[in-house]
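Notes for the one structure printed next.
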2 protein chains.
Amino acid sequence: MYNFSISLPTMIHFGKGMISHLSELKASGDKVLMVYGGGSIKRNGIYDSAMKILKDAGLTVSELSGVEPNPKIETVRKGVEMCKSEGLDMVLAIGGGSTIDCAKVVAAGAKYDGDAWDLVIHPEKIKAALPIYSVLTLAATGSEMDEFAVISDMTKNEKWGTAAPCLKPTMSILDPTYTFSVSKKQTAAGTADMISHTFENYFSFEKDADVQKRFGEGLLKVMFKYGPIAYEHPDNYEARANLMWAASNAINGITRVGNAPAWCVHPMEHELSAFYDITHGQGLAILTPRWMEHILSDKTAPILAEYGRNVWDLKGDDDMAVAKEAIQKTADFLFKTMEIPSTLRAVGITDQTHFEKMAEKAAAGSVGCFVPLSKEDIIEIFKAAF
Amino acid sequence: MYNFSISLPTMIHFGKGMISHLSELKASGDKVLMVYGGGSIKRNGIYDSAMKILKDAGLTVSELSGVEPNPKIETVRKGVEMCKSEGLDMVLAIGGGSTIDCAKVVAAGAKYDGDAWDLVIHPEKIKAALPIYSVLTLAATGSEMDEFAVISDMTKNEKWGTAAPCLKPTMSILDPTYTFSVSKKQTAAGTADMISHTFENYFSFEKDADVQKRFGEGLLKVMFKYGPIAYEHPDNYEARANLMWAASNAINGITRVGNAPAWCVHPMEHELSAFYDITHGQGLAILTPRWMEHILSDKTAPILAEYGRNVWDLKGDDDMAVAKEAIQKTADFLFKTMEIPSTLRAVGITDQTHFEKMAEKAAAGSVGCFVPLSKEDIIEIFKAAF
């Protein structure tokens with residue numbers, strides 16, 4: 001087990017009706033920036049519930065709406081400007097990971113003198129942030145409990161993740177009923193996203209981080225069990241609850257610290273989203289089995305086989321055979337059970353024009369990962385996924 | 001999954017050499033109360049290491065030594081008096097769970113006007129505490145990352161657990177090499193303690209808290225794998241590291257919240273320790289299989305069988321048969337593999353004089369647990385364990 005440091009200070013209030021805890025925002029001041037996306041929170045009533053609790057608690061609310069699925073730096077800049085000019089005390093994201101990510105960089109930008117994009121490409125410049133709160137409406141990214149945020153600058157085809165301890169939310173409300181209205185497409189993409197996070201933290205040559213490995217396998221079992229239930233029965237509380245809590249734990253650090261190296265698949269997907277603005281979870285799903293096939297070797301087979309045996313209950317002593325079966329199980333789950341498009345073409349990437357440039361950037365972003373990937377490796381994976 | 005709230009703010013620095021982080025105590029002030037036990041930290045060099053780092057950081061150190069294995073309220077009172085009279089800023093426990101528990105109630109007592117025993121029997125009176133730090137030297141209780149403390153008043157045969165969010169340590173150093181010198185007896189007892197914590201949080205009629213159940217099973221697998229390795233090879237780093245991190249996670253809340261009711265076995269064991277001052281982990285080990293046998297019924301068999309199948313990989317469709325095999329596996333692990341004495345008589349409890357009084361108090365302490373236990377149930381369990 002590698003040395004590590006970890007702290008999970010975010011106060012999670014989990015369950016139906018927990019939005020009442022929003023009154024606790026008063027502890028951070030009087031003026032809130034409420035950050036949200038396309039307005040679905042107005043249709044499903046969460047906006048009204050939140051607004052009433054905040055106003056009853058004596059808070060005044062400014063609003064930053066229209067956060068994009070791959071949140072853009074322009075929106076972040078707008079939020080930062082509001083915080084600075086209106087002297088706001090905290091940010092409250094209501095939405096999925098994109099909204100929370102946007103709110104996080106707004107919160108950091110409000111405490112920074114330069115342009116917010118600096119904080120995306122130079123995480124070390126994030127020294128402080130306004131208190132960050134969230135009400136989660138999509139089980140996927142885990143941003144509600146972690147220190148990461150991913151922001152895009154589409155004018156430059158750039159999508160980068162940043163991180164800082166002060167980006168961990170002070171409090172997050174996780175009410176599974178808020179995800180009942182998530183579409184089948186987004187339920188599948190969100191499940192693929194949390195599975196990918198778990199994989200990124202799980203696959204490692206560190207063989208003795210058993211606590212972390214067993215936690216990762218437990219999360220994968222939960223995702224493979226409940227993903228299809230939520231997909232078919234969107235208002236199944238237990239399915240939504242388990243997916244929601246699994247997604248938070250997939251990336252809050254408890255499966256990563258002491259075990260995992262740098263991530264492999266996310267840097268590749270970020271290039272797809274940066275160039276083509278596709279749904280992040282779909283991009284991850286498409287790349288993951290192709291990546292597994294590409295890195296399969298005598299050296300990695302025992303590790304992929306361990307995944308197959310412990311998560312899929314596969315039998316047999318031949319590591320290579322079990323590893324291949326595990327990859328097939330993974331692909332079948334994503335593309336058949338969850339009905340995610342299985343190729344880049346199927347999500348609208350119809351040319352390979354940018355593959356070389358994308359691969360070059362992705363290779364730079366995955367330094368130190370489980371199996372090192374060169375630019376050429378990544379082009380091969382993109383082509384296999386095409 | 002039940003509604004829940006959770007936050008794990010303790011900064012964990014895990015791994016060899018992490019004691020260097022003690023310099024960070026400066027953030028809480030200038031004057032530390034160092035709390036420790038019988039002096040083993042002087043023999044193994046941890047005392048000298050800590051003292052050097054603290055002094056180099058400009059801190060002055062007062063010392064409270066001689067904390068007992070079942071920490072006594074008299075020792076807590078002594079520490080509180082030192083904090084108050086010397087105006088100390090924080091407490092630093094160096095030791096196992098008993099030392100940390102003592103330091104926690106000292107820290108709360110320093111912020112309380114009345115007698116510290118009030119805080120043990122009335123947790124709601126704990127409103128604040130000095131910052132609490134720990135350097136862990138025994139993998140067992142999980143006190144390094146939780147909000148609990150157990151204190152005894154032997155003059156009244158009372159042993160009670162108290163809890164408050166402010167009792168969560170600010171920072172804990174977990175260096176597995178510090179547990180290399182733990183005796184075989186204490187290694188076995190510590191393993192039994194962490195197994196019992198996992199059981200207390202795991203066994204529940206809540207069938208849909210899958211994340212928590214899978215985490216609990218993962219921890220149990222780690223404990224059953226590495227307990228014997230640490231027992232036979234005390235300086236095996238990976239065994240000590242996995243046990244140490246598993247013990248923290250067994251009780252920090254991640255397997256309990258959303259799943260578990262009140263605890264069953266600890267209230268019974270606390271009576272054994274309160275009347276006979278036995279080793280806590282040994283008492284838990286002796287009671288656990290007897291408790292499992294006592295509560296086994298058609299209603300509980302599926303739950304015990306799930307444990308058997310998912311942790312011990314037992315086969316078969318007959319829940320009752322698998323449950324019985326799982327209980328036998330548990331007993332064999334504790335009493336054969338880890339060589340823990342299997343009866344109360346073997347740890348010096350040679351009469352049944354106090355069983356009735358002990359059972360009455362234990363029954364009061366286990367209200368709302370997995371399978372409710374009456375005074376009569378508990379007397380039967382004590383007698384079966386005798």
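Labels used: A, B, ... for chains in the order of the structure tokens, numbers from 1 for residues in each chain, and numbers from 1 for ligands as shown.
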Return the neighbours of chain A among the residues of chain B, cut-off 8 Å, counting only C-alpha atoms, as a VMD selection string.
chain B and resid 1 to 16 208 to 211 214 to 215 218 to 219 222 238 241 to 242 245 to 246
In segment 238-375 of chain B, DSSP helix (DSSP H, G or I) residues written as a ChimeraX atom specification
/B:238-251,265-276,280-295,301-312,319-337,345-347,355-365,375
Near segment 332-338 of chain A, within 9 Å and counting only C-alpha atoms, which residues show up once chain neighbours fewer than 4 positions away are dropped, as a VMD selection string?
chain A and resid 184 to 185 187 to 189 191 to 192 224 227 to 228 231 285 to 286 327 to 328 342
Saved selection, atoms kept: N, CA and C atoms, as a PDB file, in the first residue's frame:
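Result written to selection_25.pdb:
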ATOM      1  N   LYS A 184     -33.265   7.996 -19.732  1.00  0.00           N
ATOM      2  CA  LYS A 184     -32.568   6.717 -19.889  1.00  0.00           C
ATOM      3  C   LYS A 184     -31.148   6.937 -20.397  1.00  0.00           C
ATOM      4  N   LYS A 185     -31.015   7.829 -21.370  1.00  0.00           N
ATOM      5  CA  LYS A 185     -29.678   8.099 -21.928  1.00  0.00           C
ATOM      6  C   LYS A 185     -28.719   8.584 -20.840  1.00  0.00           C
ATOM      7  N   THR A 187     -29.061   8.268 -17.587  1.00  0.00           N
ATOM      8  CA  THR A 187     -28.877   7.238 -16.550  1.00  0.00           C
ATOM      9  C   THR A 187     -27.776   6.277 -16.991  1.00  0.00           C
ATOM     10  N   ALA A 188     -27.815   5.892 -18.247  1.00  0.00           N
ATOM     11  CA  ALA A 188     -26.787   4.977 -18.768  1.00  0.00           C
ATOM     12  C   ALA A 188     -25.419   5.657 -18.793  1.00  0.00           C
ATOM     13  N   ALA A 189     -25.382   6.900 -19.256  1.00  0.00           N
ATOM     14  CA  ALA A 189     -24.101   7.624 -19.343  1.00  0.00           C
ATOM     15  C   ALA A 189     -23.531   7.862 -17.942  1.00  0.00           C
ATOM     16  N   THR A 191     -24.043   6.024 -15.279  1.00  0.00           N
ATOM     17  CA  THR A 191     -23.553   4.739 -14.768  1.00  0.00           C
ATOM     18  C   THR A 191     -22.192   4.416 -15.389  1.00  0.00           C
ATOM     19  N   ALA A 192     -22.046   4.683 -16.685  1.00  0.00           N
ATOM     20  CA  ALA A 192     -20.748   4.453 -17.344  1.00  0.00           C
ATOM     21  C   ALA A 192     -19.668   5.346 -16.741  1.00  0.00           C
ATOM     22  N   PHE A 224     -23.217  -2.510 -11.432  1.00  0.00           N
ATOM     23  CA  PHE A 224     -23.693  -3.507 -12.401  1.00  0.00           C
ATOM     24  C   PHE A 224     -25.073  -4.047 -12.001  1.00  0.00           C
ATOM     25  N   GLY A 227     -27.560  -0.321 -12.044  1.00  0.00           N
ATOM     26  CA  GLY A 227     -27.646   0.449 -13.285  1.00  0.00           C
ATOM     27  C   GLY A 227     -28.847   0.026 -14.132  1.00  0.00           C
ATOM     28  N   PRO A 228     -28.950  -1.273 -14.434  1.00  0.00           N
ATOM     29  CA  PRO A 228     -30.077  -1.736 -15.262  1.00  0.00           C
ATOM     30  C   PRO A 228     -31.439  -1.518 -14.600  1.00  0.00           C
ATOM     31  N   TYR A 231     -32.294   2.016 -15.048  1.00  0.00           N
ATOM     32  CA  TYR A 231     -32.515   2.251 -16.482  1.00  0.00           C
ATOM     33  C   TYR A 231     -33.935   1.839 -16.880  1.00  0.00           C
ATOM     34  N   ALA A 285     -17.709   5.143 -22.024  1.00  0.00           N
ATOM     35  CA  ALA A 285     -18.209   3.786 -22.296  1.00  0.00           C
ATOM     36  C   ALA A 285     -17.626   3.241 -23.589  1.00  0.00           C
ATOM     37  N   ILE A 286     -17.589   4.075 -24.613  1.00  0.00           N
ATOM     38  CA  ILE A 286     -17.089   3.635 -25.917  1.00  0.00           C
ATOM     39  C   ILE A 286     -15.607   3.269 -25.839  1.00  0.00           C
ATOM     40  N   ILE A 327     -13.596  -8.521 -20.078  1.00  0.00           N
ATOM     41  CA  ILE A 327     -13.726  -7.394 -21.016  1.00  0.00           C
ATOM     42  C   ILE A 327     -15.043  -7.509 -21.783  1.00  0.00           C
ATOM     43  N   GLN A 328     -15.352  -8.742 -22.213  1.00  0.00           N
ATOM     44  CA  GLN A 328     -16.603  -8.957 -22.949  1.00  0.00           C
ATOM     45  C   GLN A 328     -17.815  -8.639 -22.075  1.00  0.00           C
ATOM     46  N   SER A 342     -21.975   2.084 -29.190  1.00  0.00           N
ATOM     47  CA  SER A 342     -20.690   1.417 -28.969  1.00  0.00           C
ATOM     48  C   SER A 342     -19.546   1.963 -29.815  1.00  0.00           C
TER      49      SER A 342
END
Do you know which residues are at most 6 Å from Gly37 of chain B counting only C-alpha atoms, after dropping those on the same chain fewer than 5 positions away, and could you put them as a PDB file with C-alpha atoms, in the first residue's frame?
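What ended up in part-v8.pdb:
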ATOM      1  CA  SER B  65       1.075   9.143  30.917  1.00  0.00           C
ATOM      2  CA  GLY B  66      -0.211   5.867  32.313  1.00  0.00           C
ATOM      3  CA  VAL B  67      -3.516   5.703  30.455  1.00  0.00           C
TER       4      VAL B  67
END
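With atom CA of Val322 of chain B on one side and atom CA of Pro289 of chain B on the other, the separation reads 14.5 Å.
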